[in-house]
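First the structure, in the form of structure tokens, and then the observations on it.
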There are 4 protein chains.
Amino acid sequence: MTRSLLQHLVGDAEFEALFTDTAELAAILKFEAALARAEADAGLIPEAAATAIEAAIAAFEPNLADLAQGMIKDGVVVPALVRQLRAAVGEHGKSVHFGATSQDAIDTGLMLRLATAIGLLEQRLVAVETALAALADRDGALTMMAHTRMQQALPISVAGKIATWSAPLERSRRTLSALRRRLLVIQLGGPVGSRAELGDKAELVARLLAGRLDLGLAEPWHTQRDPIAEFAGVLSRITGSLGKLGADVALLAQNEVSIVKVEGGGGSSAMAHKSNPVNAELLVALARFNAGLLGTLHQALVHEYERSGAAWTLERLVLPQMVVATGASLRLATTLIGQVGFQSGRPQ
Amino acid sequence: MTRSLLQHLVGDAEFEALFTDTAELAAILKFEAALARAEADAGLIPEAAATAIEAAIAAFEPNLADLAQGMIKDGVVVPALVRQLRAAVGEHGKSVHFGATSQDAIDTGLMLRLATAIGLLEQRLVAVETALAALADRDGALTMMAHTRMQQALPISVAGKIATWSAPLERSRRTLSALRRRLLVIQLGGPVGSRAELGDKAELVARLLAGRLDLGLAEPWHTQRDPIAEFAGVLSRITGSLGKLGADVALLAQNEVSIVKVEGGGGSSAMAHKSNPVNAELLVALARFNAGLLGTLHQALVHEYERSGAAWTLERLVLPQMVVATGASLRLATTLIGQVGFQSGRPQ
Amino acid sequence: MTRSLLQHLVGDAEFEALFTDTAELAAILKFEAALARAEADAGLIPEAAATAIEAAIAAFEPNLADLAQGMIKDGVVVPALVRQLRAAVGEHGKSVHFGATSQDAIDTGLMLRLATAIGLLEQRLVAVETALAALADRDGALTMMAHTRMQQALPISVAGKIATWSAPLERSRRTLSALRRRLLVIQLGGPVGSRAELGDKAELVARLLAGRLDLGLAEPWHTQRDPIAEFAGVLSRITGSLGKLGADVALLAQNEVSIVKVEGGGGSSAMAHKSNPVNAELLVALARFNAGLLGTLHQALVHEYERSGAAWTLERLVLPQMVVATGASLRLATTLIGQVGFQSGRPQ
Amino acid sequence: MTRSLLQHLVGDAEFEALFTDTAELAAILKFEAALARAEADAGLIPEAAATAIEAAIAAFEPNLADLAQGMIKDGVVVPALVRQLRAAVGEHGKSVHFGATSQDAIDTGLMLRLATAIGLLEQRLVAVETALAALADRDGALTMMAHTRMQQALPISVAGKIATWSAPLERSRRTLSALRRRLLVIQLGGPVGSRAELGDKAELVARLLAGRLDLGLAEPWHTQRDPIAEFAGVLSRITGSLGKLGADVALLAQNEVSIVKVEGGGGSSAMAHKSNPVNAELLVALARFNAGLLGTLHQALVHEYERSGAAWTLERLVLPQMVVATGASLRLATTLIGQVGFQSGRPQ
């Protein structure tokens, strides 16, 4: 898919790739294959069925127009996808998606992709922290004027300043790692979240499924979205902390303040002399964007009955944007830090 | 561009088309052509320059890869676009974008597209109101049980009920129409919003430009985004009112309540008997989505100095989504109302 | 009630007074008195009943502990209040609140107070505009450096700068005035919003009630909160525009920039030399506060069935805060503008 | 201070008490006393000064009118308070607040109160979980109809249903406990967050101060508000999870659904037969309120320079409300669960 100009600015190709239809369908099919194999291992469906399902999935080419129609009708892609997949599997078609419900496939598919996302986020957090450490190594010994409440206060060390940018990111990285185990779990509940269709093999199937997908084991959590909200909170704290860094750089790089110089600033269509701290500004924009989205995502915690299409759709509208914005923010921050130089010897 | 499955559900092709790069670039180029002609008419640039610019724009094929690079560097597409356009124009290149700044082109380009959007929104509002009127014609004479605070209250007429869905939409439609004149204006300020580059022809150029683009005349409003925030408020009131309609339909269509029957409900991947009020749920999701985005857009009113890249980017991240969500909500509402039937004679 | 220290800073006594229990109860009782008289005039209750009700209300001392208990039990104060009032009225007690429901009394009571609030807001908007005009008179002829994207751009006139602060406030004031008629209307629907209890006198009673309370006439709007959301939008646009002014002043008053000097800045507990632009910062804080609340208020548009205790309570949690924050922001802005002086002759 | 009627409904006396001026001033004074003693122990101020400061604080009666004036002027109460305290201490007055800044006192004072708040929240979470366990003990063996996407699905056990309400609360309680150590730390940075005024005794003073106040040790975090944002996230997940419980109870208690009966429902001023699930509705309102506030609080992560009066004030406007709303929500949930009974034998 062609990326828009705005995506080039505030999006991120690597993270966007996790939320394409291609990526989602692949993750759902991975769930269906693993489920079939787990159910065969548990004796719930024939071995031959699992083999046929795996083979069909390996060769599967979804009919996208039909999926789009299914999406429009059902509000979720899985019923149409399962129908297509059953047709592709043929004889053992009825073993496809056995005992599962749409949300099992979609939520587990989401977790598979969030596992990748978290790995990438951790890498990028390390990259930002490394860039800040390098900046501190180079410029940390300088002294700069501190400002409180928008007024000059007293001098501080640049190293101390940089430390206030790093510390929140380190905390968020540790929180993110600690969250992995709580967040990255299978969803397997069946139509009403009770796993009733799997009978006394439910626990076993869940365990086997989790093992195959390298996800944690969990009770069905169809209506319990608090770990997702918690994850989103980390995202917004990352972008918020980078927004603070961006705001600081933009302030420090003001011509009159000149504590920081930003190389490679953006040009203007009207003023040749301008060198705009574009990346710094973008960090602020993404921080405010994610903060707002976080509030909206928390609205989706009010999930009615045993599954809410309204709350669930709201989550789907918001969460991917937050992940991409966070990835973009981290990428931009690394670039920005590489452009920044603290100025020594500036008169106060 | 291929539309995603989620866009098929909660997006809207007609409105999405207004926010593609193609649409934005076309609108910007339309601004540049009209500006050149206005400036030629005012004697600021040669007639031949305007003619050359119009011709170049008519044949212009932007180099998208270069624009993407420009976007990344400058945070805005206009500097790179103007560069390309000047090269295409050749001799009169320096007359391109004369006295204007990036934000002039982008904001005016936005207004050109919002003019279309408002027209479409008005049509769709009428469509929903018409569908509600038809529903009232057919079912309005029935009586239904009212519920207050989630408990049965006393009977009301179906016509009265439907009227509570229509009235807010009519109000929003009228507000939208009244807003047209305030909102749909040119942006022409030059680098710092003073039109200084246009000298004593500034007012004349602005008037000619507005006339050519069929937009209203306005003082430069680079940092004054309140009309956009006001427009976004109407959008969120529309989706909020439709969210109320959706919530009502989902409640009234509960099997136990059965005051409303929804034809063509969505299927489940696990339960053949289900008929889910998908469109009703989506209206609720879109209402909550837009409400959250509205709050975020208002954060962008805090616009520092004479132009804020941070606030402006935030607006760009949010506003198109709100317009599309509103268009989608209106489309889904018309569909939903066509699926709804009030039930008569149901025992209380 | 004692005001907290924080209220002294970001609250506003005049606006807070509109949202005390005292003010709310007085407004509700005014509604009940006017309703009784309107119903007597329409022949629905005896003249003597209206007279007795008016007399009882004139002398009424609510039992606050009992009202608090009623609030806790019923989620709304009106049932307990009507019980007390009926006891106070005695023989004609059953004519109290005839054909009305809690929401009629509370919503109409809200409108009576918003009428006062809007008047105050208009006055304060004029005061800010007047202060800006005086500032422009004194300093407008000066030239200052404009900054775009946080970098020095080109010089502009101070008068032009001040005009960008004034224009959005003028627009909001006009919008507020235009909204008066749409917003400030009676609520009279009875238990399920159909006015059924008032029979063929419903329209007459509504008209008489509106006349007595100097409010507009409207169909029952229990579940249609869009005019309130629209009003809240104006509030947030006002605070957002003042937040822009505050952000600008804080930036321009930086020691290094010194385009503006702020007299009477706040002191620090640790640095005697500081003069902090406290009021400028507060304008930013209030802008962001109101922006967030606006998003939340719009969540309350999704109002289920014929009356939602959930949506309604959410509105009650948010709206008064927004009104007070707006009043405070306008007061602080007037103070701040009086403290501001543009500096001439500053070297670039 | 008299509590308003609305506070009786959606506030909570125990939590409100933590955010009164009295509580804040007491906490600030506790910080100042502990700081003086720590500095005396470290040899930075005379023993006699610490003793005099402790004695003066023990007997201190703040002049509230003067504090209010100071608040208005400085945007923060500490400068005026320190002035008063120094006068009360007399000779050793200059040792008061030595090496500290306003934010040190206020942030540490906040942490002292949040320590109490977290203890209370944990107790109330246990109370809700206990009430749910009792409900499960009594009604868990019953079967109820599950609903997905607002339509009847298949039967589930009541025990399973209740487990979906409990699990998120248990998770939030564990997260809250784990957060204690990260969140509840001293703030001690001095004017620009560098502890420069304390020289080589800075670390020692910090350690002694933390020990005296039973708070954790931390580097100065004036501009790093992410732990506060993380705490607010837990609050919103608690209210969100209770909002889901409330939404479920309101739905299940609909007359037509009657899976749940709610004792002691609220009365109507117009319909004697009503029994409204008031507490269930309030849980939904508080969930949406806190979700919105969370988004706003995250806006305050963008904290400019070494201290932002704007971001900090925004946090102060939002955080106390979130804590109180969470306390209220937990109280209401315990009450509601005590009112709820699942119905057996109901026909589907």
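Lettering and numbering for the structure tokens are positional, with chains as A, B, ... in the shown order, residues counted from 1 in each chain, and ligands counted from 1 in the shown order.
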Margin query: Could you list, as a ChimeraX atom specification, every residue within 9 Å of segment 140-144 of chain B, counting only C-alpha atoms and ignoring same-chain residues fewer than 6 positions away?
Written below: /B:154-162,259,342-346
Keeping only C-alpha atoms, write the selected residues as a PDB file, in the first residue's frame.
```pdb
ATOM      1  CA  LEU B 154     -44.613   4.647  30.528  1.00  0.00           C
ATOM      2  CA  PRO B 155     -45.760   4.217  26.918  1.00  0.00           C
ATOM      3  CA  ILE B 156     -44.907   6.803  24.304  1.00  0.00           C
ATOM      4  CA  SER B 157     -45.595   7.080  20.612  1.00  0.00           C
ATOM      5  CA  VAL B 158     -43.034   5.803  18.151  1.00  0.00           C
ATOM      6  CA  ALA B 159     -43.398   9.078  16.254  1.00  0.00           C
ATOM      7  CA  GLY B 160     -42.357  10.962  19.355  1.00  0.00           C
ATOM      8  CA  LYS B 161     -39.387   8.688  19.781  1.00  0.00           C
ATOM      9  CA  ILE B 162     -38.234   9.156  16.202  1.00  0.00           C
ATOM     10  CA  ILE B 259     -39.452  -3.153  20.439  1.00  0.00           C
ATOM     11  CA  PHE B 342     -40.840  -1.105  15.207  1.00  0.00           C
ATOM     12  CA  GLN B 343     -42.910  -3.980  16.468  1.00  0.00           C
ATOM     13  CA  SER B 344     -46.562  -3.545  17.195  1.00  0.00           C
ATOM     14  CA  GLY B 345     -48.726  -5.278  19.709  1.00  0.00           C
ATOM     15  CA  ARG B 346     -45.902  -6.437  21.862  1.00  0.00           C
TER      16      ARG B 346
END
```
Margin query: I need the contact residues of chain B against chain D, so if you could list those with any atom within 8 Å, counting only C-alpha atoms, and return them as a ChimeraX atom specification, that would help.
Written below: /B:149-153,250-251,253-257,271,274-278,281,292
Check: Which parts of segment 118-282 of chain C does DSSP call strand (DSSP E) when run on the backbone here, written out as a list in words?
Finding: Thr143, Met144, Met145, Ala146, His147, Thr148, Gln151, Gln152, Ala153, Leu154, Pro155, Ile156, Ser157, Val260, Lys261 and Val262 of chain C
Note to self: Quick one: residues within 10 Å of Gln69 of chain C, only C-alpha atoms, excluding same-chain residues fewer than 4 positions away - as a VMD selection string?
What the structure shows: (chain C and resid 64 to 65 73 to 75 77 80) or (chain D and resid 5 8 to 9)
Could those residues be written to a file, using all heavy atoms, as a PDB file, in the first residue's frame?
```pdb
ATOM      1  N   LEU C  64     -31.394  19.931  54.362  1.00  0.00           N
ATOM      2  CA  LEU C  64     -30.290  19.517  53.490  1.00  0.00           C
ATOM      3  C   LEU C  64     -29.841  18.084  53.736  1.00  0.00           C
ATOM      4  O   LEU C  64     -29.469  17.362  52.804  1.00  0.00           O
ATOM      5  CB  LEU C  64     -29.109  20.486  53.645  1.00  0.00           C
ATOM      6  CG  LEU C  64     -29.359  21.856  52.973  1.00  0.00           C
ATOM      7  CD1 LEU C  64     -28.276  22.855  53.353  1.00  0.00           C
ATOM      8  CD2 LEU C  64     -29.421  21.710  51.451  1.00  0.00           C
ATOM      9  N   ALA C  65     -29.885  17.667  54.999  1.00  0.00           N
ATOM     10  CA  ALA C  65     -29.466  16.289  55.292  1.00  0.00           C
ATOM     11  C   ALA C  65     -30.400  15.302  54.584  1.00  0.00           C
ATOM     12  O   ALA C  65     -29.965  14.301  54.027  1.00  0.00           O
ATOM     13  CB  ALA C  65     -29.463  16.051  56.794  1.00  0.00           C
ATOM     14  N   LYS C  73     -29.916   8.133  47.351  1.00  0.00           N
ATOM     15  CA  LYS C  73     -30.836   7.046  47.005  1.00  0.00           C
ATOM     16  C   LYS C  73     -31.322   7.139  45.560  1.00  0.00           C
ATOM     17  O   LYS C  73     -31.338   6.148  44.823  1.00  0.00           O
ATOM     18  CB  LYS C  73     -32.039   7.069  47.952  1.00  0.00           C
ATOM     19  CG  LYS C  73     -33.026   5.941  47.645  1.00  0.00           C
ATOM     20  CD  LYS C  73     -34.125   5.829  48.665  1.00  0.00           C
ATOM     21  CE  LYS C  73     -35.029   4.635  48.286  1.00  0.00           C
ATOM     22  NZ  LYS C  73     -35.594   4.750  46.938  1.00  0.00           N
ATOM     23  N   ASP C  74     -31.696   8.355  45.155  1.00  0.00           N
ATOM     24  CA  ASP C  74     -32.372   8.506  43.865  1.00  0.00           C
ATOM     25  C   ASP C  74     -31.434   8.956  42.738  1.00  0.00           C
ATOM     26  O   ASP C  74     -31.822   8.948  41.579  1.00  0.00           O
ATOM     27  CB  ASP C  74     -33.512   9.528  43.994  1.00  0.00           C
ATOM     28  CG  ASP C  74     -34.503   9.147  45.080  1.00  0.00           C
ATOM     29  OD1 ASP C  74     -34.768   7.934  45.236  1.00  0.00           O
ATOM     30  OD2 ASP C  74     -34.989  10.044  45.779  1.00  0.00           O
ATOM     31  N   GLY C  75     -30.259   9.404  43.111  1.00  0.00           N
ATOM     32  CA  GLY C  75     -29.319   9.857  42.096  1.00  0.00           C
ATOM     33  C   GLY C  75     -29.630  11.250  41.595  1.00  0.00           C
ATOM     34  O   GLY C  75     -28.989  11.760  40.673  1.00  0.00           O
ATOM     35  N   VAL C  77     -31.789  15.043  43.100  1.00  0.00           N
ATOM     36  CA  VAL C  77     -32.307  15.629  44.332  1.00  0.00           C
ATOM     37  C   VAL C  77     -33.808  15.859  44.302  1.00  0.00           C
ATOM     38  O   VAL C  77     -34.449  16.042  45.346  1.00  0.00           O
ATOM     39  CB  VAL C  77     -31.562  16.964  44.618  1.00  0.00           C
ATOM     40  CG1 VAL C  77     -32.073  18.080  43.725  1.00  0.00           C
ATOM     41  CG2 VAL C  77     -31.670  17.347  46.088  1.00  0.00           C
ATOM     42  N   ALA C  80     -36.686  13.942  46.603  1.00  0.00           N
ATOM     43  CA  ALA C  80     -36.693  14.345  48.017  1.00  0.00           C
ATOM     44  C   ALA C  80     -37.144  15.793  48.172  1.00  0.00           C
ATOM     45  O   ALA C  80     -37.903  16.133  49.096  1.00  0.00           O
ATOM     46  CB  ALA C  80     -35.302  14.154  48.618  1.00  0.00           C
TER      47      ALA C  80
ATOM     48  N   LEU D   5     -24.319  18.429  47.310  1.00  0.00           N
ATOM     49  CA  LEU D   5     -25.183  17.271  47.040  1.00  0.00           C
ATOM     50  C   LEU D   5     -24.540  16.357  46.008  1.00  0.00           C
ATOM     51  O   LEU D   5     -24.588  15.134  46.128  1.00  0.00           O
ATOM     52  CB  LEU D   5     -26.547  17.773  46.553  1.00  0.00           C
ATOM     53  CG  LEU D   5     -27.384  18.458  47.650  1.00  0.00           C
ATOM     54  CD1 LEU D   5     -28.561  19.213  47.025  1.00  0.00           C
ATOM     55  CD2 LEU D   5     -27.885  17.442  48.671  1.00  0.00           C
ATOM     56  N   HIS D   8     -22.069  14.154  47.556  1.00  0.00           N
ATOM     57  CA  HIS D   8     -22.680  13.015  48.246  1.00  0.00           C
ATOM     58  C   HIS D   8     -22.935  11.861  47.288  1.00  0.00           C
ATOM     59  O   HIS D   8     -22.938  10.699  47.675  1.00  0.00           O
ATOM     60  CB  HIS D   8     -24.001  13.427  48.913  1.00  0.00           C
ATOM     61  CG  HIS D   8     -23.809  14.087  50.236  1.00  0.00           C
ATOM     62  ND1 HIS D   8     -23.777  15.453  50.381  1.00  0.00           N
ATOM     63  CD2 HIS D   8     -23.582  13.581  51.481  1.00  0.00           C
ATOM     64  CE1 HIS D   8     -23.582  15.753  51.662  1.00  0.00           C
ATOM     65  NE2 HIS D   8     -23.447  14.647  52.339  1.00  0.00           N
ATOM     66  N   LEU D   9     -23.162  12.197  46.050  1.00  0.00           N
ATOM     67  CA  LEU D   9     -23.490  11.161  45.073  1.00  0.00           C
ATOM     68  C   LEU D   9     -22.225  10.553  44.476  1.00  0.00           C
ATOM     69  O   LEU D   9     -22.017   9.346  44.526  1.00  0.00           O
ATOM     70  CB  LEU D   9     -24.344  11.795  43.956  1.00  0.00           C
ATOM     71  CG  LEU D   9     -25.046  10.843  43.012  1.00  0.00           C
ATOM     72  CD1 LEU D   9     -26.072  10.010  43.739  1.00  0.00           C
ATOM     73  CD2 LEU D   9     -25.714  11.618  41.882  1.00  0.00           C
TER      74      LEU D   9
END
```
Next item on the list: Could you find all residues in segment 42-275 of chain B that DSSP calls helix (DSSP H, G or I) from the backbone, and write them as a PyMOL selection string?
Entry: chain B and resi 47-58+64-74+78-95+102-139+158-183+196-213+226-252
Save the residues we just selected, C-alpha atoms, as a compact mmCIF listing (two decimals), in the first residue's frame?
```txt
# COMPACT_ATOMS: atom_id res chain seq x y z
CA GLU B 47 0.36 38.10 -17.11
CA ALA B 48 2.71 35.72 -18.86
CA ALA B 49 3.80 34.32 -15.53
CA ALA B 50 0.24 33.53 -14.52
CA THR B 51 -0.40 31.92 -17.87
CA ALA B 52 2.79 29.87 -17.61
CA ILE B 53 1.95 28.81 -14.05
CA GLU B 54 -1.59 27.77 -14.99
CA ALA B 55 -0.27 25.79 -17.91
CA ALA B 56 2.41 24.12 -15.84
CA ILE B 57 -0.11 23.20 -13.16
CA ALA B 58 -2.51 21.77 -15.71
CA LEU B 64 6.14 11.94 -5.15
CA ALA B 65 9.38 10.49 -3.83
CA ASP B 66 10.86 13.95 -3.76
CA LEU B 67 7.77 15.32 -2.07
CA ALA B 68 8.04 12.63 0.57
CA GLN B 69 11.63 13.63 1.21
CA GLY B 70 10.59 17.26 1.43
CA MET B 71 7.82 16.36 3.84
CA ILE B 72 10.29 14.56 6.08
CA LYS B 73 12.73 17.45 6.01
CA ASP B 74 10.40 20.43 6.17
CA VAL B 78 4.85 22.91 0.15
CA PRO B 79 8.53 23.88 -0.04
CA ALA B 80 9.36 20.79 -2.13
CA LEU B 81 6.21 21.15 -4.19
CA VAL B 82 6.93 24.78 -4.93
CA ARG B 83 10.46 23.86 -5.94
CA GLN B 84 9.16 21.25 -8.38
CA LEU B 85 6.54 23.60 -9.67
CA ARG B 86 9.04 26.40 -10.20
CA ALA B 87 11.21 24.06 -12.19
CA ALA B 88 8.21 23.04 -14.29
CA VAL B 89 7.27 26.66 -14.90
CA GLY B 90 10.78 27.56 -15.96
CA GLU B 91 11.43 31.20 -16.72
CA HIS B 92 8.50 32.50 -14.64
CA GLY B 93 9.26 30.09 -11.82
CA LYS B 94 9.99 32.79 -9.33
CA SER B 95 6.43 34.08 -9.67
CA SER B 102 3.15 27.01 3.08
CA GLN B 103 0.26 27.41 5.42
CA ASP B 104 -1.58 29.64 2.96
CA ALA B 105 -1.52 26.86 0.39
CA ILE B 106 -2.37 24.08 2.80
CA ASP B 107 -5.11 25.87 4.69
CA THR B 108 -6.78 27.17 1.56
CA GLY B 109 -6.44 23.69 0.07
CA LEU B 110 -8.13 22.31 3.15
CA MET B 111 -10.98 24.77 2.82
CA LEU B 112 -11.56 23.79 -0.80
CA ARG B 113 -11.96 20.22 0.30
CA LEU B 114 -14.05 21.03 3.35
CA ALA B 115 -16.42 22.88 1.05
CA THR B 116 -17.00 19.58 -0.71
CA ALA B 117 -17.18 17.74 2.57
CA ILE B 118 -19.83 20.05 3.95
CA GLY B 119 -21.91 19.62 0.84
CA LEU B 120 -21.71 15.86 1.21
CA LEU B 121 -22.48 16.02 4.90
CA GLU B 122 -25.55 18.12 4.26
CA GLN B 123 -26.76 15.62 1.67
CA ARG B 124 -26.25 12.75 4.04
CA LEU B 125 -27.93 14.54 6.89
CA VAL B 126 -30.93 15.05 4.65
CA ALA B 127 -30.80 11.38 3.74
CA VAL B 128 -30.88 10.33 7.38
CA GLU B 129 -33.68 12.76 8.16
CA THR B 130 -35.62 11.48 5.17
CA ALA B 131 -35.14 7.90 6.26
CA LEU B 132 -36.34 8.79 9.73
CA ALA B 133 -39.36 10.57 8.30
CA ALA B 134 -40.19 7.48 6.26
CA LEU B 135 -39.82 5.33 9.34
CA ALA B 136 -42.11 7.67 11.25
CA ASP B 137 -44.63 7.56 8.41
CA ARG B 138 -44.70 3.80 8.54
CA ASP B 139 -44.34 3.04 12.26
CA VAL B 158 -43.03 5.80 18.15
CA ALA B 159 -43.40 9.08 16.25
CA GLY B 160 -42.36 10.96 19.35
CA LYS B 161 -39.39 8.69 19.78
CA ILE B 162 -38.23 9.16 16.20
CA ALA B 163 -38.58 12.90 16.56
CA THR B 164 -35.97 12.86 19.32
CA TRP B 165 -33.55 11.28 16.86
CA SER B 166 -34.28 13.75 14.06
CA ALA B 167 -34.28 17.03 15.90
CA PRO B 168 -30.55 17.14 16.79
CA LEU B 169 -29.62 16.25 13.22
CA GLU B 170 -31.73 19.06 11.85
CA ARG B 171 -30.09 21.45 14.28
CA SER B 172 -26.62 20.27 13.29
CA ARG B 173 -27.48 20.62 9.63
CA ARG B 174 -28.59 24.19 10.15
CA THR B 175 -25.48 24.94 12.20
CA LEU B 176 -23.33 23.44 9.50
CA SER B 177 -24.92 25.61 6.85
CA ALA B 178 -24.56 28.70 8.98
CA LEU B 179 -20.91 27.84 9.58
CA ARG B 180 -20.08 27.66 5.87
CA ARG B 181 -19.55 31.37 5.52
CA ARG B 182 -17.45 31.65 8.65
CA LEU B 183 -15.36 28.58 7.92
CA ALA B 196 3.51 42.41 3.76
CA GLU B 197 4.98 40.93 0.57
CA LEU B 198 1.89 41.92 -1.37
CA GLY B 199 2.18 45.55 -0.39
CA ASP B 200 -0.81 47.73 -1.12
CA LYS B 201 -2.23 45.08 -3.43
CA ALA B 202 -2.73 42.66 -0.57
CA GLU B 203 -6.42 43.32 -0.11
CA LEU B 204 -7.05 43.19 -3.84
CA VAL B 205 -5.19 39.92 -4.31
CA ALA B 206 -7.07 38.39 -1.40
CA ARG B 207 -10.39 39.45 -2.90
CA LEU B 208 -9.52 38.14 -6.35
CA LEU B 209 -8.22 34.89 -4.90
CA ALA B 210 -11.35 34.36 -2.86
CA GLY B 211 -13.49 35.04 -5.88
CA ARG B 212 -11.61 32.57 -8.06
CA LEU B 213 -11.80 29.82 -5.47
CA ASP B 226 -11.33 28.36 16.28
CA PRO B 227 -13.54 28.05 13.19
CA ILE B 228 -12.00 24.64 12.55
CA ALA B 229 -12.63 23.67 16.15
CA GLU B 230 -16.21 24.88 15.75
CA PHE B 231 -16.63 22.77 12.63
CA ALA B 232 -15.22 19.76 14.45
CA GLY B 233 -17.75 20.37 17.19
CA VAL B 234 -20.58 20.05 14.69
CA LEU B 235 -19.05 16.82 13.42
CA SER B 236 -18.94 15.39 16.92
CA ARG B 237 -22.48 16.49 17.66
CA ILE B 238 -23.63 14.69 14.51
CA THR B 239 -21.85 11.48 15.42
CA GLY B 240 -22.92 11.87 19.03
CA SER B 241 -26.56 12.21 18.04
CA LEU B 242 -26.25 9.21 15.76
CA GLY B 243 -24.49 7.36 18.57
CA LYS B 244 -27.57 7.96 20.69
CA LEU B 245 -29.71 6.57 17.87
CA GLY B 246 -27.41 3.56 17.61
CA ALA B 247 -27.46 2.95 21.36
CA ASP B 248 -31.24 3.12 21.35
CA VAL B 249 -31.60 0.71 18.45
CA ALA B 250 -29.22 -1.78 20.03
CA LEU B 251 -31.17 -1.59 23.28
CA LEU B 252 -34.59 -1.75 21.66
```
Margin query: I'd like the interatomic distance between atom CA of Gly99 of chain C and atom CA of Pro320 of chain C, to a tenth of an Å.
Written below: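 Calculated distance between atom CA of Gly99 of chain C and atom CA of Pro320 of chain C is 27.7 Å.
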Check: Between atom CA of Glu219 of chain A and atom CA of Met322 of chain A, what is the distance, to one decimal in Å?
Finding: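 Answer for the atom CA of Glu219 of chain A to atom CA of Met322 of chain A separation: 26.0 Å.
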Note to self: Applying 8 Å and only C-alpha atoms, which residues near Gly327 of chain B remain after dropping the ones on its own chain fewer than 3 positions away? List them as a PyMOL selection string.
What the structure shows: chain B and resi 11-12+15+120-121+124+323-324+330-331
Next item on the list: Find the distance between atom CA of Leu317 of chain C and atom CA of Thr22 of chain C and write it in Å to one decimal.
Entry: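 Separation of atom CA of Leu317 of chain C and atom CA of Thr22 of chain C: 17.2 Å.
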Margin query: Which residues are near His303 of chain D? Cut-off 8 Å, only C-alpha atoms, ignore same chain within fewer than 4 positions. Put them as a ChimeraX atom specification.
Written below: /A:244,247 /D:223,307-308,310-312
